[in-house]
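Participant: Here you go, one structure.
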Amino acid sequence: MTTTTTELRSVIVEREISYPPEKIWRALTQPHLIAEWLMNNDFAPVVDHSFKFTADWGSVDCQVQTVEPNRTLAYSWDAMGLESTVTWTLTPSASGTHLRMEQAGFRRDQEQAYQGAKIGWRHFFASLEQVVARID
């Protein structure tokens, strides 16, 4: 069996968070809250809205693809040759919310970006949980 170099990989992070989906949704969609846990941005939860995440290392070009309030949020994530999609899925659970993030679209030759995303999203999730715990 042969594998092709066009085979794409995903980074998936999942957590049980002890807050309702509505509260987590706010941290995922309000620009001032996103800036606290991810990056500065000009995000708006509107399909086809183009926005940027900016950090000291550069920026990420994004476009909103899916908005289902308190359930699903997806946007393209294009930076430094990586063309990917980030999808957030919020599912109510007994303890609050099951939050799943998948960044899909890493080519086999993008090992550094793939490994960086695996580490980075774990840190972002920890920061996200702290922001969600703080907001009313």
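Residue numbering restarts at 1 in every chain; chains get A, B, ... in the order shown in the structure tokens, and ligands count up from 1 in that same order.
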Which residues of region 2-66 of chain A have any atom within 8 Å of an atom in region 100-110 of chain A when counting only C-alpha atoms, and what is the closest pair of atoms for each, with the distance in Å to one decimal? Order the rows by chain and rising number and write it as JSON lines.
Facilitator:
{"residue": "A:Thr5", "atom": "CA", "partner": "A:Arg108", "partner_atom": "CA", "distance": 6.0}
{"residue": "A:Thr6", "atom": "CA", "partner": "A:Arg107", "partner_atom": "CA", "distance": 6.4}
{"residue": "A:Glu7", "atom": "CA", "partner": "A:Arg107", "partner_atom": "CA", "distance": 6.4}
{"residue": "A:Leu8", "atom": "CA", "partner": "A:Arg107", "partner_atom": "CA", "distance": 4.9}
{"residue": "A:Arg9", "atom": "CA", "partner": "A:Phe106", "partner_atom": "CA", "distance": 4.9}
{"residue": "A:Ser10", "atom": "CA", "partner": "A:Ala104", "partner_atom": "CA", "distance": 4.2}
{"residue": "A:Val11", "atom": "CA", "partner": "A:Gln103", "partner_atom": "CA", "distance": 5.2}
{"residue": "A:Ile12", "atom": "CA", "partner": "A:Glu102", "partner_atom": "CA", "distance": 4.4}
{"residue": "A:Val13", "atom": "CA", "partner": "A:Met101", "partner_atom": "CA", "distance": 5.3}
{"residue": "A:Glu14", "atom": "CA", "partner": "A:Arg100", "partner_atom": "CA", "distance": 4.4}
{"residue": "A:Arg15", "atom": "CA", "partner": "A:Arg100", "partner_atom": "CA", "distance": 6.6}
Participant: Residues of chain A in helix (DSSP H, G or I) according to DSSP, as a PyMOL selection string?
Facilitator: chain A and resi 21-29+31-37+111-134
Participant: Those residues you just picked out, can you put them in a file as a JSON list (two decimals), in the first residue's frame with C-alpha atoms?
Facilitator:
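Okay, this is what ended up in part17.json:
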[["chain", "number", "residue", "atom", "x", "y", "z"],
["A", 21, "PRO", "CA", -22.02, 26.18, 25.50],
["A", 22, "GLU", "CA", -23.39, 29.75, 25.49],
["A", 23, "LYS", "CA", -20.57, 30.95, 27.74],
["A", 24, "ILE", "CA", -17.84, 29.20, 25.72],
["A", 25, "TRP", "CA", -19.41, 30.52, 22.49],
["A", 26, "ARG", "CA", -18.89, 34.07, 23.72],
["A", 27, "ALA", "CA", -15.15, 33.41, 24.25],
["A", 28, "LEU", "CA", -14.96, 31.92, 20.73],
["A", 29, "THR", "CA", -16.80, 34.76, 18.97],
["A", 31, "PRO", "CA", -13.13, 39.80, 19.47],
["A", 32, "HIS", "CA", -11.99, 41.23, 22.82],
["A", 33, "LEU", "CA", -12.29, 37.78, 24.44],
["A", 34, "ILE", "CA", -10.59, 35.99, 21.51],
["A", 35, "ALA", "CA", -7.68, 38.43, 21.94],
["A", 36, "GLU", "CA", -7.29, 37.30, 25.55],
["A", 37, "TRP", "CA", -6.79, 33.61, 24.75],
["A", 111, "GLU", "CA", 5.63, 18.73, 9.84],
["A", 112, "GLN", "CA", 6.85, 21.85, 11.65],
["A", 113, "ALA", "CA", 3.47, 23.57, 11.30],
["A", 114, "TYR", "CA", 1.70, 20.37, 12.35],
["A", 115, "GLN", "CA", 3.83, 19.87, 15.47],
["A", 116, "GLY", "CA", 3.58, 23.57, 16.31],
["A", 117, "ALA", "CA", -0.20, 23.46, 16.08],
["A", 118, "LYS", "CA", -0.35, 20.38, 18.32],
["A", 119, "ILE", "CA", 1.57, 22.25, 21.03],
["A", 120, "GLY", "CA", 0.00, 25.66, 20.37],
["A", 121, "TRP", "CA", -3.63, 24.56, 20.55],
["A", 122, "ARG", "CA", -3.06, 22.87, 23.93],
["A", 123, "HIS", "CA", -1.79, 26.22, 25.28],
["A", 124, "PHE", "CA", -4.65, 28.12, 23.62],
["A", 125, "PHE", "CA", -7.19, 25.72, 25.17],
["A", 126, "ALA", "CA", -5.75, 26.31, 28.65],
["A", 127, "SER", "CA", -6.00, 30.08, 28.10],
["A", 128, "LEU", "CA", -9.52, 29.73, 26.69],
["A", 129, "GLU", "CA", -10.66, 27.86, 29.80],
["A", 130, "GLN", "CA", -9.26, 30.64, 32.01],
["A", 131, "VAL", "CA", -11.10, 33.30, 29.99],
["A", 132, "VAL", "CA", -14.38, 31.35, 30.10],
["A", 133, "ALA", "CA", -14.04, 30.98, 33.89],
["A", 134, "ARG", "CA", -13.63, 34.77, 34.25]]
Participant: Neighbours of region 73-78 of chain A within 6 Å (only C-alpha atoms; same-chain residues fewer than 3 positions away dropped), as a ChimeraX atom specification?
Facilitator: /A:60-67,82-88
Participant: Applying 7 Å and only C-alpha atoms, which residues near Arg71 (chain A) remain after dropping the ones on its own chain fewer than 2 positions away? List them as a CSV table (one decimal) with N, CA, C and O atoms, in the first residue's frame.
Facilitator:
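Saved as selection-v2.csv:
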chain,number,residue,atom,x,y,z
A,68,GLU,N,-23.1,28.4,13.6
A,68,GLU,CA,-24.3,27.8,14.2
A,68,GLU,C,-24.2,28.2,15.7
A,68,GLU,O,-23.5,27.4,16.5
A,69,PRO,N,-24.8,29.3,16.2
A,69,PRO,CA,-24.6,29.7,17.5
A,69,PRO,C,-24.7,28.7,18.6
A,69,PRO,O,-25.6,27.8,18.6
A,89,THR,N,-16.6,22.6,17.7
A,89,THR,CA,-17.9,22.0,18.0
A,89,THR,C,-18.2,21.9,19.4
A,89,THR,O,-17.3,21.5,20.2
A,90,LEU,N,-19.3,22.5,19.8
A,90,LEU,CA,-19.7,22.5,21.2
A,90,LEU,C,-20.9,21.6,21.4
A,90,LEU,O,-21.9,21.8,20.7
A,91,THR,N,-20.8,20.6,22.3
A,91,THR,CA,-21.8,19.7,22.6
A,91,THR,C,-22.1,19.7,24.1
A,91,THR,O,-21.3,19.5,24.9
Participant: Which residue out of A:Asp136, A:Asp56, A:Asp48, A:Glu16 has the minimum interatomic distance to Ala94 (chain A) when only C-alpha atoms are used?
Facilitator: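 Once distances to Ala94 (chain A) are computed over only C-alpha atoms, the minimum belongs to A:Glu16.
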Participant: Between CA of Thr54 (chain A) and CA of Asn40 (chain A), what is the distance in Å, rounded to a tenth?
Facilitator: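 These atoms are spaced 5.3 Å apart.
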Participant: I need the residue nearest His98 (chain A) from this list: A:Trp57, A:Tyr19, A:Phe43, A:Phe51. Use only C-alpha atoms for the distance.
Facilitator: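 Nearest candidate to His98 (chain A) out of A:Trp57, A:Tyr19, A:Phe43, A:Phe51: A:Tyr19.
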Participant: Taking the DSSP assignment computed from this structure's backbone, write out as number ranges by chain all residues of chain A that belong to strand (DSSP E).
Facilitator: A: 8-17, 40-41, 50-55, 58-68, 72-79, 82-93, 96-107
